[in-house]
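All remarks here apply to the structure that follows.
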Amino acid sequence: MTENVISSDESLRRLQGIPFGVAADELRITAIGAKIEFAKSELQTVQTYIDVVYAGRIAVTTDDGSELPVDTLAHLGSVLSNYEHSLFDQIAQLEYDQEKLLFPPDEDERCDDNEVPDNQDV
């Protein structure tokens, strides 16, 4: 009967580092997943805007009736394309970070460049 009884100090030590039963890595993985989903949604929106800009389906009228410079929409398309590239890079980095958390490297892969693992010869 007494083998099931634990001290309060021991139960507190078990709970340290895992708030509400969720490990810190699980929280990071979830946060990265949410960032990936947001970036992918943003990417779809930007790609739709790029298609609209380059298809020429935008009508722009100035307040004073003057004509716009010829390359106005091309500049907007360029800015959107740069943002698109930035989103691709961000998604790739987030997916890499998530992959590292989901599948941590083996001990052999964790060695510094100058270190040689025990099971390899120089």
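So you can find residues: chains in the structure tokens are A, B, ... in the order shown, residues in each start at 1, and ligands are numbered from 1 in order.
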
Extract, using only C-alpha atoms, all DNA, RNA and protein residues at most 12 Å from Leu73 in chain A, discarding same-chain residues fewer than 6 positions from it, and format them as a tab-separated table (two decimals) with N, CA and C atoms, in the first residue's frame.
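Result saved to part-v1.tsv:
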```
chain	number	residue	atom	x	y	z
A	49	TYR	N	-1.96	37.85	-56.01
A	49	TYR	CA	-1.71	39.25	-56.35
A	49	TYR	C	-0.72	39.38	-57.50
A	50	ILE	N	0.31	38.54	-57.50
A	50	ILE	CA	1.28	38.57	-58.60
A	50	ILE	C	0.60	38.24	-59.92
A	51	ASP	N	-0.25	37.23	-59.91
A	51	ASP	CA	-0.98	36.86	-61.12
A	51	ASP	C	-1.85	38.02	-61.62
A	52	VAL	N	-2.49	38.71	-60.69
A	52	VAL	CA	-3.35	39.84	-61.07
A	52	VAL	C	-2.51	40.97	-61.65
A	53	VAL	N	-1.38	41.27	-61.02
A	53	VAL	CA	-0.53	42.37	-61.49
A	53	VAL	C	0.01	42.09	-62.88
A	54	TYR	N	0.54	40.89	-63.09
A	54	TYR	CA	1.15	40.59	-64.38
A	54	TYR	C	0.13	40.29	-65.47
A	55	ALA	N	-1.11	39.96	-65.09
A	55	ALA	CA	-2.15	39.74	-66.09
A	55	ALA	C	-2.74	41.07	-66.55
A	56	GLY	N	-2.45	42.14	-65.81
A	56	GLY	CA	-2.91	43.47	-66.21
A	56	GLY	C	-4.38	43.69	-65.94
A	57	ARG	N	-4.92	43.04	-64.95
A	57	ARG	CA	-6.34	43.19	-64.65
A	57	ARG	C	-6.60	44.26	-63.59
A	58	ILE	N	-5.67	45.17	-63.44
A	58	ILE	CA	-5.82	46.23	-62.45
A	58	ILE	C	-6.03	47.54	-63.18
A	59	ALA	N	-7.05	48.27	-62.78
A	59	ALA	CA	-7.28	49.60	-63.33
A	59	ALA	C	-6.96	50.61	-62.24
A	60	VAL	N	-6.05	51.54	-62.54
A	60	VAL	CA	-5.64	52.53	-61.57
A	60	VAL	C	-5.98	53.91	-62.12
A	79	VAL	N	8.06	43.92	-56.39
A	79	VAL	CA	8.02	43.93	-54.92
A	79	VAL	C	7.32	42.66	-54.42
A	80	LEU	N	6.22	42.31	-55.05
A	80	LEU	CA	5.49	41.10	-54.65
A	80	LEU	C	6.32	39.84	-54.90
```

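Here CA of Lys100 in chain A and CA of Glu84 in chain A stand 24.5 Å from one another.
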
**Message:** Need to verify the contact set: Ile36 in chain A, 10 Å, only C-alpha atoms, exclusion of same-chain residues closer than 3 positions in sequence. Can you return it as a PyMOL selection string?
**Reply:** chain A and resi 30-33+39-42+87+90-95+98

**Request:** Could you check how far CA of Ser66 in chain A sits from CA of Ser78 in chain A, in Å to one decimal?
**Result:**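 Calculated distance between CA of Ser66 in chain A and CA of Ser78 in chain A is 23.3 Å.
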
**Request:** Check the smallest atom-to-atom distance from each of A:Leu102, A:Ala23, A:Gly65, A:Asp97 to Lys35 in chain A using only C-alpha atoms, then report the winner.
**Result:**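 The closest residue to Lys35 in chain A is A:Asp97.
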
**Prompt:** Between A:Leu76, A:Ile29, A:Leu43, A:Leu68, which is the closest to Phe103 in chain A once you count only C-alpha atoms?
**Reply:**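 Closest to Phe103 in chain A, using only C-alpha atoms: A:Ile29.
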
**Prompt:** Which is closest to Asn82 in chain A among A:Val46, A:Glu37, A:Arg28, A:Thr61, if we use only C-alpha atoms?
**Reply:**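 The closest residue to Asn82 in chain A is A:Val46.
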
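You will find CA of Ser86 in chain A at 19.9 Å from CA of Glu99 in chain A.
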
**Request:** Give the answer as one residue: which of A:Asp64, A:Thr48, A:Ala34, A:Tyr96 has the shortest atom-to-atom distance to Ser81 in chain A, using only C-alpha atoms?
**Result:** A:Thr48

**Request:** Report as a ChimeraX atom specification: the residues of range 25-81 of chain A with a DSSP assignment of alpha helix (DSSP H), based on the backbone of this structure.
**Result:** /A:25-55,72-81

**Asked** Smallest atom-to-atom distance to Glu26 in chain A: which of A:Asp106, A:Tyr83, A:Thr72, A:Leu101, using only C-alpha atoms?
**Response** A:Leu101
